[in-house]
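Q: If you scroll down you'll find the structure; I have some questions about it.
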Amino acid sequence: MDITTIGGIIAALVLFAVGDILEGGNPAGLIHISSIIIVVPTTLSAAAVATKQKYVAAAYKELKIVFGNPQLNPEETLEQIIKIAEKARKEGILSIEAEIGNIDDPFFRRGLQMLVDGLEPEVIRERMELEIAEIEEYYEGAAKYWITAGETTPVFGLVGAVMGLILALKRLENPVEMAEGIAGAFTATVTGIVSSYLLFGPFGHKMKAKAKDIIKTREMILEGIIGIALAKNPKMLREQLLIYTGKSEEQGK
Amino acid sequence: MDITTIGGIIAALVLFAVGDILEGGNPAGLIHISSIIIVVPTTLSAAAVATKQKYVAAAYKELKIVFGNPQLNPEETLEQIIKIAEKARKEGILSIEAEIGNIDDPFFRRGLQMLVDGLEPEVIRERMELEIAEIEEYYEGAAKYWITAGETTPVFGLVGAVMGLILALKRLENPVEMAEGIAGAFTATVTGIVSSYLLFGPFGHKMKAKAKDIIKTREMILEGIIGIALAKNPKMLREQLLIYTGKSEEQGK
Amino acid sequence: MDITTIGGIIAALVLFAVGDILEGGNPAGLIHISSIIIVVPTTLSAAAVATKQKYVAAAYKELKIVFGNPQLNPEETLEQIIKIAEKARKEGILSIEAEIGNIDDPFFRRGLQMLVDGLEPEVIRERMELEIAEIEEYYEGAAKYWITAGETTPVFGLVGAVMGLILALKRLENPVEMAEGIAGAFTATVTGIVSSYLLFGPFGHKMKAKAKDIIKTREMILEGIIGIALAKNPKMLREQLLIYTGKSEEQGK
Amino acid sequence: MDITTIGGIIAALVLFAVGDILEGGNPAGLIHISSIIIVVPTTLSAAAVATKQKYVAAAYKELKIVFGNPQLNPEETLEQIIKIAEKARKEGILSIEAEIGNIDDPFFRRGLQMLVDGLEPEVIRERMELEIAEIEEYYEGAAKYWITAGETTPVFGLVGAVMGLILALKRLENPVEMAEGIAGAFTATVTGIVSSYLLFGPFGHKMKAKAKDIIKTREMILEGIIGIALAKNPKMLREQLLIYTGKSEEQGK
Amino acid sequence: MDITTIGGIIAALVLFAVGDILEGGNPAGLIHISSIIIVVPTTLSAAAVATKQKYVAAAYKELKIVFGNPQLNPEETLEQIIKIAEKARKEGILSIEAEIGNIDDPFFRRGLQMLVDGLEPEVIRERMELEIAEIEEYYEGAAKYWITAGETTPVFGLVGAVMGLILALKRLENPVEMAEGIAGAFTATVTGIVSSYLLFGPFGHKMKAKAKDIIKTREMILEGIIGIALAKNPKMLREQLLIYTGKSEEQGK
């Protein structure tokens, strides 16, 4: 569970409510079902028009890395790489074959298979880099859906407000009803802004940021596989790959 | 038919209408012929002023890839490449000539012709890359027309609203008529925003995204032709090109 | 004459007028001489403050490529290059000297002169690339003037509106006059938006797009001159340069 | 203490107050506790949703380089590098080991350790560059938190204003109270704008700028370590590294 | 004196005044001392919070290149380079030493000194490029201060307007006074927009543009020094460097 995502959303909603109560309002009055219909699902539909079907699906599927944490364990992956590097050095590249079954990550597995198949290091690098580029594009596309939604929804909030104002203007003879109508219209604006700046936009930005970690772990695996292919000294290889785990950063400051 | 394009537009329009009805309005009242004239065709004209004639034409012509799906079949194209690679290996490069007639894609055809003509691989690569760059520019220019339209149309919505407000201000002695005038003026804003965020902007973004797929298939063809020129092992070539079909991505996650 | 520039401007203006008339207004009422003074020449002055003098002059001078079409004929230029390439092959590089007088384009002429002077191909390439970079910067600077003007003018439209509102607020005792004042103030907004999104901004974007064509023709000339210097086969050279004429693009789709 | 940060904030706040007093207002009236709750902590929460947990922590921790000055002394670091370079030249690389304990900066220390361990210069460069990239990403992520907050807070100011307006519209029968309510609602806008343009946005931009200095010092250390590894002449090395201290810039103008 | 800077500012101010007078206003009424205090010095303070101290100082110091013209004379500098190149060819590199005293530009002087000191061309290039990068960063930082100010000041104009509106709302019982208050509040908006789009923003953009000329002259000096180091033919060197003086551009079109 990602505490900044879930905690941030809950904290902001509670604080909006507290502020509104302090001003003498009732936060429940800010939630209009018609405003929400005009602003939220329309935004998600419009963002789908702007996005390839594959990435629309990905946008919803990968919300799991926004709210949860991708199951990455770069340190453990590093240890696996080193263990395999040691085995390959002692018992030869072909001895790796037995290890492949123990690896969960299919990217890692395919890399090891290429090693066992005896592909040239440059060929392995080229293919794994192309795969990493594909993954990058995949998360980029999914994140862009949410960023597009974040740009659309405050403007659709305005549409909701204008629709409400048009209706309010018809009750000119009854100022109290008209004022009520205007107040109701304004809730669409609040819905649009909060959807954009607390939810959709941040979803896109966090997805991008988390995808970077996934990419970085893949780059470590790539460098590890190449290191094994070149029969690098496992101790040196560990030193080299340590930087990808983010450990050196903490020391480095 | 692109379901996210057509489904997204219809869904959003229906939801706007449902929301308006729930608020007690009549969605048909949001459609003013004069507002539409002031906002939509003016936007398309202004975007044409900003765009080269060639790309204005392309913008409308390539709406077909926004609403439909470009007839791409990367897997099938891959199989064609491999079949030709095998033939070239067995029967020599010149045997390809007979195959050229069976290929629909003119880009693919020209590449094979250069092979048969005996051009150097670097020359073939340079020319095909220039062609790919041209295609990229073509779709870029077409998509930019729609993106420019998407940036223009909400502001022209404001022009429509202001024009309406100016007229409404003349009916000061009749508040009901004036309020009606103001309400009418506001519909121009809705027209502008919906045109921008549901139609024109998304058209541009989807066109760009779909063009990327077209480009990627061309890059696969380029790498395939070069692979044949270098007499690469067809099995290896298939492995190398598989990544361009997007298949590895699904496995790769 | 560039039909998308002139046609687009006229079409948009006519459509604005038609829409206003349909709403019961008089389009002539939208044109206030004082609003125009506050919005348009001030914008052109402010954009000049942001721009180097050289590019201010260029911005106005190069409007000719926005409204007209630059006298580019890449196909004809290609034929000239090939003719010279053939002559150089048969009669030697020095035979080109007689051709230089027939070339209109000074960039082309200077390139041929360097050939005749016997400069190394790398030296010729370096110098011609620097010249192309200069030209690019020149059009970039000129286009940026119009883009800056396009960003400034809607905001100066707001200044005009605010100035008008301040005056209108002084006629509080006479609501009809005050409403008239407000209506007048609003025309500044329309002036600002239309200047920005129909004129200045599109001028800048079209100038940039047209400059690209000019640059591309120069790149073809550069590659042609280098091809002659390297004594490339004229037939091969034509094939290579054809891509710069945009012909292959149409075939290529 | 960073005088432009602290002085700038205090000066702006005082000037806002002076201006308000000159207009006949009471600056204390601009501070509404409920407005602040609706605008500020909600913004900080929403920015956290958009940011990885690691960078949220960094954003607050590294405020110290925004308000203070990072303890950088490039000239002194340069002297240390030269002293070590001289020692290494006279007494051999291994003599550096005794110096490592005197170095405070862990990045510098790790570089020297790699020297003593006899790693190849290219290996040292690659690892140190990866570490510098990590540090860059770290500050980038922290600064982006504040920039996101700066983009969010004026819009949440609008939310606060709209909430207040909705409440004010309920007091239609009492114009004085309603006007008071509207005035109160507007304070949220002021809170949002000042938080954004005087605090959060500038925090992010200054953090980025200061991080550049930190990066530059690290690059000097990297080049110094490589220089020692290549046994460069210490006098030449000093000349080369002097540029990183910003001294040459003052001379250079 | 830069005519587009000074002429542009004066022209725009005069035109604003003329337009206001034509509308029946008094331009002096647009200048409120309290509005100016709330908008202008606060903006300059907030931009300082966002900027490193060094660049704040540079922003004000380098206004001289915005209002005046940097003392650049690329043609004359070119002649100096050629004269020195000829001397070096005839009398040897060491003969340059006597010339160094005659050179005003310290960057040029340091380059010549490196020549005389016998440094390798690659070393000279690397150092001079680093120095040019420093200068670029210096002007970039100074220009960014003004661009930040230009982004801040219209929003602080809004703060001024809101402050004034809050005060105006207290005079509800006296509509004339209230209208006066609202009108006064609006002047803050005008102050903010004019400061941004006529002054601060353009200052930043012109500073950037002028800095490019300074950089280009330095690049010419760098290439000249390298040319001398490589003992290039002075006539060829002149041809090569001519492009940096912007002469070829005029021919080139």
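The chains in the structure tokens are called A, B, ... from first to last as shown; in each chain the residues are counted from 1, and the ligands are counted from 1 in the order shown.
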Residues at most 12 Å from Lys87 in chain B, counting only C-alpha atoms, excluding those fewer than 2 positions away in the same chain, as an NGL selection string?
A: :B and (80-85 or 89-99 or 228 or 231 or 233-234)
Q: For a quick test of understanding: name the residues of chain C lying within 7 Å of chain B when counting only C-alpha atoms, and present them as number ranges by chain.
A: C: 4-5, 8-9, 11-12, 15-16, 19-20, 22-23, 25, 176, 179, 183, 186, 190, 197-198, 202-203, 205-206, 209, 240, 243, 249, 251-252
Q: What does the distance between CA of Met114 in chain D and CA of Tyr139 in chain D come to in Å, to one decimal place?
A: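 These atoms are spaced 25.2 Å apart.
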Q: One decimal, Å: what's the distance from CA of Leu72 in chain A over to CA of Ile221 in chain A, could you say?
A: 12.1 Å
Q: So which residues touch Ile65 in chain B within 9 Å, counting only C-alpha atoms, skipping near sequence neighbours fewer than 4 positions away, as an MDAnalysis selection string?
A: chainID B and resid 1:2 61 69:71 206:207 210:211
Q: As an exercise, work out the distance from CA of Gly150 in chain B to CA of Phe200 in chain B in Å and give it to one decimal place.
A: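 A separation of 4.9 Å between them.
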Q: As JSON, numbers by chain, please: the residues near Leu241 in chain A (cut-off 9 Å, only C-alpha atoms, same-chain neighbours under 5 positions excluded).
A: {"A": [78, 220, 221, 223, 224, 236]}
Q: Would you save the residues from that selection as a PDB file, in the first residue's frame, using C-alpha atoms?
A:
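Saved file result.pdb follows:
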ATOM      1  CA  LEU A  78      20.924  -8.266  -7.313  1.00  0.00           C
ATOM      2  CA  MET A 220      20.132  -3.645 -13.583  1.00  0.00           C
ATOM      3  CA  ILE A 221      19.045  -7.077 -14.847  1.00  0.00           C
ATOM      4  CA  GLU A 223      23.661  -5.063 -17.081  1.00  0.00           C
ATOM      5  CA  GLY A 224      23.831  -8.168 -14.897  1.00  0.00           C
ATOM      6  CA  MET A 236      33.055  -6.359  -9.330  1.00  0.00           C
TER       7      MET A 236
END
